[in-house]
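Dropping start-v6.txt in here (compact mmCIF, C-alpha atoms and all ligand atoms):
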# COMPACT_ATOMS: atom_id res chain seq x y z
CA MET A 24 -2.75 8.33 28.85
CA SER A 25 -2.83 8.42 25.05
CA LYS A 26 -1.30 5.45 23.28
CA LEU A 27 -0.65 7.66 20.27
CA PRO A 28 0.24 11.07 21.73
CA ASN A 29 1.98 12.40 18.62
CA ILE A 30 -0.37 11.04 15.97
CA THR A 31 -2.63 13.57 14.27
CA THR A 32 -5.15 13.26 11.42
CA SER A 33 -3.72 11.29 8.50
CA ILE A 34 -2.23 13.40 5.69
CA PHE A 35 -4.59 11.66 3.24
CA SER A 36 -7.67 12.98 5.06
CA VAL A 37 -6.12 16.42 5.54
CA MET A 38 -5.21 16.90 1.87
CA SER A 39 -8.44 15.43 0.48
CA GLN A 40 -10.48 17.70 2.74
CA LEU A 41 -8.46 20.76 1.76
CA ALA A 42 -8.85 19.80 -1.91
CA ASN A 43 -12.64 19.60 -1.44
CA GLU A 44 -12.80 22.92 0.39
CA HIS A 45 -10.93 24.68 -2.43
CA GLY A 46 -12.45 22.75 -5.33
CA ALA A 47 -8.96 21.54 -6.29
CA ILE A 48 -8.24 18.55 -8.54
CA ASN A 49 -7.45 15.83 -6.04
CA LEU A 50 -4.29 13.91 -6.93
CA SER A 51 -3.44 13.49 -3.23
CA GLN A 52 -5.17 10.52 -1.56
CA GLY A 53 -4.67 7.29 -3.50
CA PHE A 54 -8.00 6.25 -4.97
CA PRO A 55 -9.31 5.93 -8.53
CA ASN A 56 -11.90 8.47 -9.70
CA PHE A 57 -13.01 6.44 -12.72
CA PRO A 58 -16.03 4.11 -12.68
CA VAL A 59 -15.83 0.56 -11.38
CA ASP A 60 -15.80 -2.15 -14.10
CA GLU A 61 -19.32 -2.63 -15.48
CA ARG A 62 -19.01 -6.40 -14.94
CA LEU A 63 -18.40 -5.88 -11.22
CA LEU A 64 -21.40 -3.56 -11.04
CA GLN A 65 -23.61 -6.16 -12.72
CA ILE A 66 -22.44 -8.87 -10.34
CA SER A 67 -23.12 -6.51 -7.42
CA GLU A 68 -26.61 -5.57 -8.60
CA ARG A 69 -27.61 -9.20 -8.86
CA LEU A 70 -25.99 -10.20 -5.57
CA ILE A 71 -27.66 -7.49 -3.52
CA ARG A 72 -30.99 -9.35 -3.95
CA GLU A 73 -29.53 -12.69 -2.93
CA ASN A 74 -29.37 -14.16 0.51
CA ILE A 75 -25.75 -13.29 1.23
CA HIS A 76 -26.07 -10.68 3.91
CA GLN A 77 -25.11 -12.58 7.06
CA TYR A 78 -21.70 -13.28 8.57
CA THR A 79 -19.23 -15.19 6.45
CA PRO A 80 -16.91 -17.65 8.17
CA MET A 81 -14.41 -15.82 10.34
CA ALA A 82 -11.37 -16.28 8.07
CA GLY A 83 -13.26 -15.30 4.93
CA LEU A 84 -15.80 -16.49 2.39
CA PRO A 85 -14.61 -19.97 1.33
CA SER A 86 -15.06 -19.29 -2.40
CA LEU A 87 -13.03 -16.08 -2.09
CA LEU A 88 -10.24 -17.91 -0.26
CA GLU A 89 -10.21 -20.50 -3.07
CA LYS A 90 -9.99 -17.80 -5.73
CA ILE A 91 -7.15 -16.01 -3.92
CA ALA A 92 -5.30 -19.32 -3.64
CA ALA A 93 -5.81 -19.97 -7.38
CA LEU A 94 -4.57 -16.46 -8.16
CA THR A 95 -1.48 -16.92 -5.98
CA LEU A 96 -0.75 -20.23 -7.71
CA LYS A 97 -1.15 -18.73 -11.17
CA GLN A 98 0.81 -15.59 -10.43
CA TYR A 99 3.58 -16.93 -8.23
CA GLN A 100 3.40 -20.75 -8.49
CA ARG A 101 2.87 -20.95 -4.74
CA ASN A 102 0.36 -23.39 -3.27
CA ILE A 103 -1.57 -21.95 -0.33
CA ASN A 104 -3.70 -23.95 2.07
CA THR A 105 -6.97 -22.00 2.26
CA ALA A 106 -7.90 -23.48 5.63
CA THR A 107 -4.69 -22.69 7.45
CA GLU A 108 -2.70 -19.99 5.63
CA MET A 109 -5.19 -17.30 4.59
CA LEU A 110 -7.29 -14.59 6.16
CA VAL A 111 -9.58 -12.03 4.53
CA THR A 112 -9.20 -8.66 6.27
CA ALA A 113 -10.99 -5.31 6.24
CA GLY A 114 -8.48 -3.83 3.83
CA ALA A 115 -4.72 -4.14 4.10
CA THR A 116 -4.86 -1.60 6.93
CA GLN A 117 -6.51 -4.13 9.20
CA GLY A 118 -4.19 -6.83 7.87
CA VAL A 119 -1.12 -4.78 8.78
CA PHE A 120 -2.55 -3.84 12.18
CA THR A 121 -3.47 -7.44 12.93
CA ALA A 122 -0.08 -8.81 11.89
CA ILE A 123 1.80 -6.27 13.98
CA ASN A 124 -0.44 -6.53 17.02
CA THR A 125 -0.35 -10.32 16.98
CA PHE A 126 3.42 -10.59 17.18
CA VAL A 127 4.84 -7.39 18.59
CA ASN A 128 5.09 -7.20 22.37
CA LYS A 129 6.05 -4.35 24.64
CA GLY A 130 9.60 -3.22 23.90
CA ASP A 131 9.96 -5.23 20.67
CA GLU A 132 11.53 -3.31 17.81
CA VAL A 133 10.03 -3.15 14.34
CA LEU A 134 12.16 -1.91 11.44
CA ILE A 135 10.35 0.42 9.05
CA LEU A 136 11.94 1.79 5.87
CA ASP A 137 11.36 5.51 5.27
CA PRO A 138 9.60 7.06 3.48
CA SER A 139 6.97 4.68 4.86
CA TYR A 140 3.21 4.26 4.63
CA ASP A 141 1.54 6.00 7.53
CA SER A 142 -0.18 3.08 9.25
CA TYR A 143 2.91 1.06 10.22
CA GLU A 144 4.21 3.21 13.05
CA PRO A 145 0.87 3.66 14.89
CA SER A 146 0.20 -0.08 14.61
CA VAL A 147 3.54 -0.75 16.32
CA LEU A 148 2.90 1.87 19.00
CA VAL A 149 -0.53 0.46 19.89
CA ALA A 150 1.18 -2.91 20.38
CA GLY A 151 3.65 -1.26 22.79
CA GLY A 152 6.50 -1.86 20.34
CA ILE A 153 9.27 0.49 19.26
CA PRO A 154 9.29 1.62 15.62
CA VAL A 155 12.85 1.87 14.29
CA ARG A 156 12.74 4.08 11.22
CA ILE A 157 15.52 3.58 8.67
CA SER A 158 15.88 5.83 5.63
CA LEU A 159 16.05 4.28 2.19
CA ASN A 160 18.85 5.49 -0.09
CA ASP A 161 18.26 8.69 -2.06
CA ASP A 162 17.11 6.61 -5.04
CA TYR A 163 14.70 4.82 -2.64
CA SER A 164 16.57 1.53 -2.80
CA PRO A 165 17.10 -0.28 0.53
CA ASN A 166 20.26 0.57 2.43
CA PHE A 167 21.42 -2.79 3.80
CA ASN A 168 24.19 -1.29 5.92
CA ARG A 169 21.63 0.74 7.82
CA ILE A 170 19.27 -2.24 8.09
CA GLU A 171 22.11 -4.46 9.36
CA ALA A 172 23.11 -1.84 11.93
CA ALA A 173 19.52 -1.64 13.19
CA LEU A 174 19.00 -5.42 13.53
CA SER A 175 19.47 -6.76 17.05
CA SER A 176 18.08 -9.30 19.49
CA LYS A 177 15.26 -6.82 20.13
CA THR A 178 14.10 -6.83 16.48
CA LYS A 179 10.78 -8.65 16.11
CA MET A 180 9.82 -7.67 12.58
CA ILE A 181 10.80 -5.76 9.47
CA VAL A 182 8.12 -4.17 7.30
CA ILE A 183 8.81 -4.16 3.56
CA ASN A 184 6.39 -2.42 1.22
CA ASN A 185 6.96 -3.42 -2.40
CA PRO A 186 5.92 -1.95 -4.88
CA HIS A 187 6.48 1.06 -2.73
CA ASN A 188 4.09 3.79 -1.65
CA PRO A 189 4.90 6.72 -1.94
CA THR A 190 7.89 6.38 -4.29
CA GLY A 191 6.68 3.83 -6.86
CA ARG A 192 9.94 1.89 -6.62
CA ILE A 193 10.14 -1.91 -7.01
CA TRP A 194 12.78 -4.11 -5.36
CA THR A 195 15.25 -5.94 -7.60
CA ASN A 196 16.24 -9.59 -7.37
CA ALA A 197 19.68 -8.58 -6.06
CA GLU A 198 18.00 -6.67 -3.23
CA PHE A 199 15.97 -9.73 -2.25
CA GLU A 200 19.17 -11.80 -2.27
CA ALA A 201 20.88 -9.24 -0.04
CA LEU A 202 17.95 -9.37 2.38
CA GLU A 203 18.02 -13.17 2.42
CA LEU A 204 21.72 -13.16 3.22
CA LEU A 205 21.31 -10.57 5.96
CA LEU A 206 18.37 -12.29 7.63
CA GLU A 207 20.17 -15.65 7.72
CA LYS A 208 21.96 -14.18 10.74
CA HIS A 209 18.63 -13.22 12.35
CA PRO A 210 16.44 -16.30 12.04
CA LYS A 211 13.75 -15.10 14.45
CA VAL A 212 12.95 -11.81 12.71
CA LEU A 213 9.54 -11.82 11.03
CA ILE A 214 8.83 -10.05 7.73
CA LEU A 215 5.63 -8.17 7.00
CA GLY A 216 5.46 -7.81 3.21
CA ASP A 217 2.98 -5.13 2.22
CA GLU A 218 2.27 -5.95 -1.42
CA VAL A 219 -0.97 -4.05 -1.98
CA TYR A 220 0.34 -2.78 -5.35
CA GLU A 221 1.50 -6.23 -6.49
CA TYR A 222 -0.56 -6.00 -9.68
CA ILE A 223 0.66 -2.55 -10.69
CA SER A 224 4.21 -2.81 -12.04
CA PHE A 225 5.75 -1.33 -15.19
CA SER A 226 9.52 -1.19 -15.53
CA HIS A 227 10.30 -4.67 -14.30
CA PRO A 228 8.11 -7.40 -12.86
CA HIS A 229 7.15 -7.22 -9.21
CA ILE A 230 8.97 -9.89 -7.19
CA SER A 231 6.72 -11.18 -4.44
CA PHE A 232 7.73 -12.74 -1.13
CA HIS A 233 5.57 -15.62 -2.41
CA THR A 234 8.50 -16.51 -4.66
CA ARG A 235 11.23 -16.39 -1.97
CA PRO A 236 11.34 -19.83 -0.31
CA LYS A 237 14.23 -18.79 1.93
CA LEU A 238 12.02 -16.15 3.56
CA MET A 239 8.56 -17.67 3.28
CA GLU A 240 8.47 -19.42 6.64
CA ARG A 241 8.77 -16.10 8.47
CA THR A 242 6.81 -13.85 6.11
CA ILE A 243 3.30 -12.46 6.36
CA ILE A 244 2.06 -10.98 3.08
CA ALA A 245 -0.64 -8.31 3.09
CA SER A 246 -2.59 -7.38 -0.04
CA SER A 247 -5.75 -5.48 -0.93
CA PHE A 248 -8.43 -5.68 -3.59
CA GLY A 249 -9.01 -1.97 -3.02
CA LYS A 250 -5.94 -1.27 -5.15
CA SER A 251 -6.15 -3.98 -7.77
CA LEU A 252 -9.90 -3.79 -8.48
CA HIS A 253 -10.48 -0.01 -8.03
CA VAL A 254 -12.71 -0.45 -4.99
CA THR A 255 -10.77 1.21 -2.17
CA GLY A 256 -14.02 1.90 -0.28
CA TRP A 257 -14.95 -1.76 -0.10
CA LYS A 258 -12.04 -2.40 2.26
CA VAL A 259 -11.36 -6.02 1.36
CA GLY A 260 -7.80 -7.25 1.72
CA TYR A 261 -6.08 -10.42 2.82
CA LEU A 262 -3.14 -11.90 4.66
CA ILE A 263 -1.19 -14.98 3.63
CA ALA A 264 1.25 -16.59 6.06
CA PRO A 265 2.51 -20.01 7.16
CA GLU A 266 0.10 -21.89 9.41
CA LYS A 267 1.93 -21.31 12.68
CA LEU A 268 1.83 -17.53 12.16
CA MET A 269 -1.66 -17.48 10.69
CA ALA A 270 -3.15 -19.41 13.60
CA GLU A 271 -2.08 -16.64 15.97
CA MET A 272 -3.30 -13.84 13.68
CA LYS A 273 -6.72 -15.46 13.37
CA LYS A 274 -7.11 -15.27 17.15
CA VAL A 275 -6.61 -11.50 17.05
CA HIS A 276 -8.67 -11.01 13.88
CA GLN A 277 -11.62 -12.84 15.36
CA PHE A 278 -11.96 -10.26 18.12
CA LEU A 279 -11.02 -7.26 16.03
CA VAL A 280 -13.61 -7.69 13.27
CA PHE A 281 -14.63 -11.39 13.41
CA SER A 282 -15.45 -11.38 9.69
CA VAL A 283 -15.29 -8.94 6.78
CA ASN A 284 -18.45 -7.65 5.09
CA SER A 285 -20.15 -10.44 3.19
CA PHE A 286 -21.45 -8.56 0.17
CA SER A 287 -18.03 -7.35 -1.04
CA GLN A 288 -16.50 -10.77 -0.50
CA HIS A 289 -19.18 -12.43 -2.62
CA ALA A 290 -18.90 -9.82 -5.37
CA ILE A 291 -15.10 -9.97 -5.50
CA SER A 292 -15.14 -13.74 -5.46
CA GLU A 293 -17.33 -13.83 -8.59
CA TYR A 294 -15.47 -11.01 -10.29
CA LEU A 295 -12.13 -12.82 -9.90
CA ASP A 296 -13.42 -15.35 -12.47
CA VAL A 297 -13.39 -12.71 -15.19
CA VAL A 298 -10.90 -9.99 -14.26
CA ASP A 299 -7.46 -9.95 -15.90
CA PHE A 300 -4.76 -8.51 -13.66
CA ASN A 301 -2.39 -7.93 -16.59
CA GLU A 302 -4.92 -5.48 -17.98
CA ILE A 303 -4.78 -3.50 -14.74
CA SER A 304 -1.02 -2.98 -14.97
CA LYS A 305 -1.39 -2.07 -18.63
CA MET A 306 -4.07 0.50 -17.89
CA TYR A 307 -1.98 2.12 -15.15
CA ARG A 308 1.13 2.10 -17.34
CA GLN A 309 -0.83 4.15 -19.89
CA LYS A 310 -1.90 6.55 -17.17
CA ARG A 311 1.65 6.89 -15.88
CA ASP A 312 2.94 7.52 -19.40
CA LEU A 313 0.19 10.04 -20.09
CA PHE A 314 0.78 11.94 -16.85
CA GLN A 315 4.55 11.92 -17.36
CA SER A 316 4.29 13.13 -20.93
CA LEU A 317 1.83 15.86 -19.93
CA ILE A 318 4.12 17.41 -17.32
CA LYS A 319 7.57 16.52 -18.64
CA ASN A 320 8.15 20.09 -19.85
CA SER A 321 6.86 21.66 -16.64
CA SER A 322 9.09 22.96 -13.85
CA PHE A 323 8.46 19.78 -11.84
CA GLU A 324 11.17 17.13 -12.14
CA LEU A 325 9.80 13.60 -12.57
CA MET A 326 11.29 10.82 -10.45
CA PRO A 327 11.33 7.22 -11.79
CA CYS A 328 8.07 5.28 -11.31
CA ASP A 329 8.38 1.47 -11.62
CA GLY A 330 4.95 0.63 -10.22
CA THR A 331 2.00 1.66 -7.98
CA TYR A 332 -0.21 4.56 -9.09
CA PHE A 333 1.95 7.30 -7.65
CA GLN A 334 4.32 9.71 -9.38
CA VAL A 335 6.86 11.55 -7.24
CA VAL A 336 8.15 14.92 -8.44
CA ASN A 337 10.75 17.36 -7.21
CA TYR A 338 9.74 21.04 -7.18
CA THR A 339 13.12 22.66 -6.32
CA LYS A 340 13.01 24.74 -9.52
CA ILE A 341 9.71 26.29 -8.43
CA SER A 342 9.95 27.04 -4.73
CA THR A 343 12.11 26.94 -1.64
CA MET A 344 9.06 26.36 0.60
CA ASN A 345 8.92 23.17 2.64
CA ASP A 346 6.83 20.44 1.04
CA VAL A 347 3.88 20.66 3.46
CA ASP A 348 3.50 24.41 2.91
CA PHE A 349 4.07 24.02 -0.81
CA ALA A 350 1.40 21.29 -1.04
CA ARG A 351 -1.04 23.63 0.71
CA GLU A 352 -0.19 26.45 -1.67
CA LEU A 353 -0.57 24.11 -4.63
CA ILE A 354 -4.16 23.54 -3.53
CA THR A 355 -5.11 27.05 -2.54
CA LYS A 356 -3.32 28.97 -5.33
CA HIS A 357 -3.10 26.50 -8.20
CA GLY A 358 -6.01 24.09 -7.66
CA VAL A 359 -4.16 20.75 -7.54
CA ALA A 360 -3.77 18.54 -4.47
CA ALA A 361 -0.71 16.34 -3.83
CA ILE A 362 0.87 14.59 -0.83
CA PRO A 363 4.10 16.04 0.64
CA ILE A 364 6.67 13.25 0.98
CA SER A 365 8.25 14.50 4.21
CA VAL A 366 5.28 13.20 6.21
CA PHE A 367 6.43 9.66 5.39
CA TYR A 368 9.71 10.21 7.22
CA ASN A 369 10.33 9.95 10.92
CA ASP A 370 12.37 13.15 10.97
CA ALA A 371 10.11 14.98 8.46
CA THR A 372 13.14 15.23 6.14
CA ASP A 373 12.16 17.70 3.44
CA ARG A 374 13.57 16.91 0.01
CA HIS A 375 11.11 19.12 -1.88
CA MET A 376 9.17 16.13 -3.14
CA LEU A 377 5.45 15.68 -3.78
CA ARG A 378 3.43 12.58 -4.65
CA PHE A 379 0.70 12.73 -7.30
CA CYS A 380 -1.83 9.91 -7.69
CA PHE A 381 -2.48 9.15 -11.38
CA ALA A 382 -5.35 6.68 -10.79
CA LYS A 383 -7.62 9.25 -12.40
CA THR A 384 -9.53 9.68 -15.65
CA ASP A 385 -7.47 11.01 -18.53
CA GLU A 386 -9.59 14.17 -18.42
CA THR A 387 -8.64 14.72 -14.78
CA LEU A 388 -4.96 14.17 -15.52
CA ILE A 389 -5.09 16.56 -18.49
CA ALA A 390 -6.85 19.24 -16.43
CA ALA A 391 -4.35 18.84 -13.56
CA ALA A 392 -1.38 18.94 -15.94
CA GLU A 393 -2.61 22.17 -17.47
CA LYS A 394 -2.50 23.77 -14.03
CA LEU A 395 0.88 22.23 -13.16
CA ASN A 396 2.39 23.41 -16.45
CA SER A 397 1.44 26.99 -15.66
CA ILE A 398 3.53 27.01 -12.45
CA MET A 399 7.03 28.41 -12.93
N1 LIG B 1 -0.42 -0.29 2.47
C1 LIG B 1 -0.12 0.60 1.52
C2 LIG B 1 1.29 0.72 1.07
C3 LIG B 1 -1.13 1.40 0.97
O1 LIG B 1 -0.82 2.29 0.04
C4 LIG B 1 -2.45 1.23 1.42
C5 LIG B 1 -3.58 2.04 0.87
N2 LIG B 1 -3.27 3.26 0.40
C6 LIG B 1 -2.71 0.30 2.42
C7 LIG B 1 -1.67 -0.45 2.93
C8 LIG B 1 -4.07 0.11 2.97
O2 LIG B 1 -4.89 -0.61 2.12
P1 LIG B 1 -6.47 -0.69 2.36
O3 LIG B 1 -7.06 0.54 1.77
O4 LIG B 1 -6.86 -1.94 1.67
O5 LIG B 1 -6.68 -0.75 3.82
N1 LIG B 2 -3.23 4.41 0.82
C1 LIG B 2 -3.83 5.60 0.28
C2 LIG B 2 -2.73 6.55 -0.16
O1 LIG B 2 -1.58 6.26 -0.02
C3 LIG B 2 -4.69 6.29 1.29
C4 LIG B 2 -5.38 5.46 2.26
C5 LIG B 2 -5.99 6.28 3.33
O2 LIG B 2 -6.51 7.35 3.06
N2 LIG B 2 -5.90 5.82 4.52
O3 LIG B 2 -3.03 7.60 -0.63
As structure tokens, what does this structure read like?
Amino acid sequence: MSKLPNITTSIFSVMSQLANEHGAINLSQGFPNFPVDERLLQISERLIRENIHQYTPMAGLPSLLEKIAALTLKQYQRNINTATEMLVTAGATQGVFTAINTFVNKGDEVLILDPSYDSYEPSVLVAGGIPVRISLNDDYSPNFNRIEAALSSKTKMIVINNPHNPTGRIWTNAEFEALELLLEKHPKVLILGDEVYEYISFSHPHISFHTRPKLMERTIIASSFGKSLHVTGWKVGYLIAPEKLMAEMKKVHQFLVFSVNSFSQHAISEYLDVVDFNEISKMYRQKRDLFQSLIKNSSFELMPCDGTYFQVVNYTKISTMNDVDFARELITKHGVAAIPISVFYNDATDRHMLRFCFAKTDETLIAAAEKLNSIM
């Protein structure tokens, strides 16, 4: 019997493939199309000739763990024990899967806030758990009444993705305080904080679970260098969690992948000495501003974008089609690929919204905007 009877090919693969087939400009799947930093390429070229091609230690290359710990200290003033609280994973996808499959048992409920990234629900289902999907408010802020109503003795975990894919929203301090208050009544509930876009924030600073001592003891934080260093294909991410949680996750990780590819870990470890994460946010802010200014007079309505490299738009003025059909037509008739937002909801709620990825060269964004501006 299938463990995932209702799961089909991920929307990211579907839309990227359709974009390729029709030669459309691909603003669907989230990956940068500009070159990797020359400094990272130089490090990589040198490293490929060095003797670094065998297994790293199971939990990650020690120098990379040290650099991540230093980064976490600098960014969030949190001290992490590299030996007991960290794990390098094959992208955040494996981090999320590992965290969920370590702690979720048959019948356990996991709260997921919709619209939600597509890997959470299948990870829960493989574990035999029950995904409980809760809609965010219309402005994509968390709805604490709905979360409170869903919490029960069956709840094992809540997944919180911040900055948020697909909407680009960032949680406020007041929202963290509300969560802290709510979870005081549910001391056993774990938090999985998916912070893969932690270094891409514009409107107000990203608040990390690293800075919430009231929640830290029960929180697993997942991140990914794919997003912050423009190397999504390298699939290097990491988990940070208190020792008692991490010890259990390492047991699962060791038989899921054992260790992550050595070359990328070495290259990222060296690159972390020179890269400036503030520059990354700045660069994406310029891209967001450029993309917004290019299509602000189009028939698409721009939604707020506080962070991530995604811009959500409403197309009600253009079409009454559902968002999946409209996204297909956008590719086949107009030559631009986007992601329909309804696929991130449990009930496929269609609000006539699309997500565009602006992690693209300015030329790509200008060419895409020209096409989008011609649609009435
Ligand atoms: N979580 C979110 C919210 C994401 O957007 C992504 C990547 N798009 C991932 C997890 C997975 O990250 P990785 O590519 O490092 O596996
Ligand atoms: N996370 C990327 C996105 O949101 C896609 C990752 C994937 O293709 N699995 O577009």
Legend entry - Selection near Tyr222 (chain A), 10 Å with all atoms listed in the file, sequence-local residues under 6 positions removed, as a ChimeraX atom specification: /A:98,186,228-229,246,248,250-252,300-305,307,330-331
Legend entry - Contacts of ligand LIG 2 (chain B), 6 Å or closer, all atoms listed in the file, given as JSON, numbers by chain: {"A": [35, 52, 53]}
Inset, instruction - Give as a list of chain:residue names the residues surrounding ligand LIG 1 (chain B) up to a distance of 7 Å, considering all atoms listed in the file. - result: A:Gly53, A:Ala113, A:Gly114, A:Ala115, A:Thr116, A:Gln117, A:Tyr140, A:Asn184, A:His187, A:Asn188, A:Asp217, A:Val219, A:Ser247, A:Phe248, A:Gly249, A:Lys250, A:Thr255, A:Lys258, A:Val259, A:Gly260
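Using all atoms listed in the file for every distance, the candidate list A:Ala245, A:Ile66, A:Leu174, A:Ala82 yields A:Leu174 as the residue closest to Pro210 (chain A).
Of note, CA of Ser164 (chain A) and CA of Ser51 (chain A) are spaced 23.3 Å apart.
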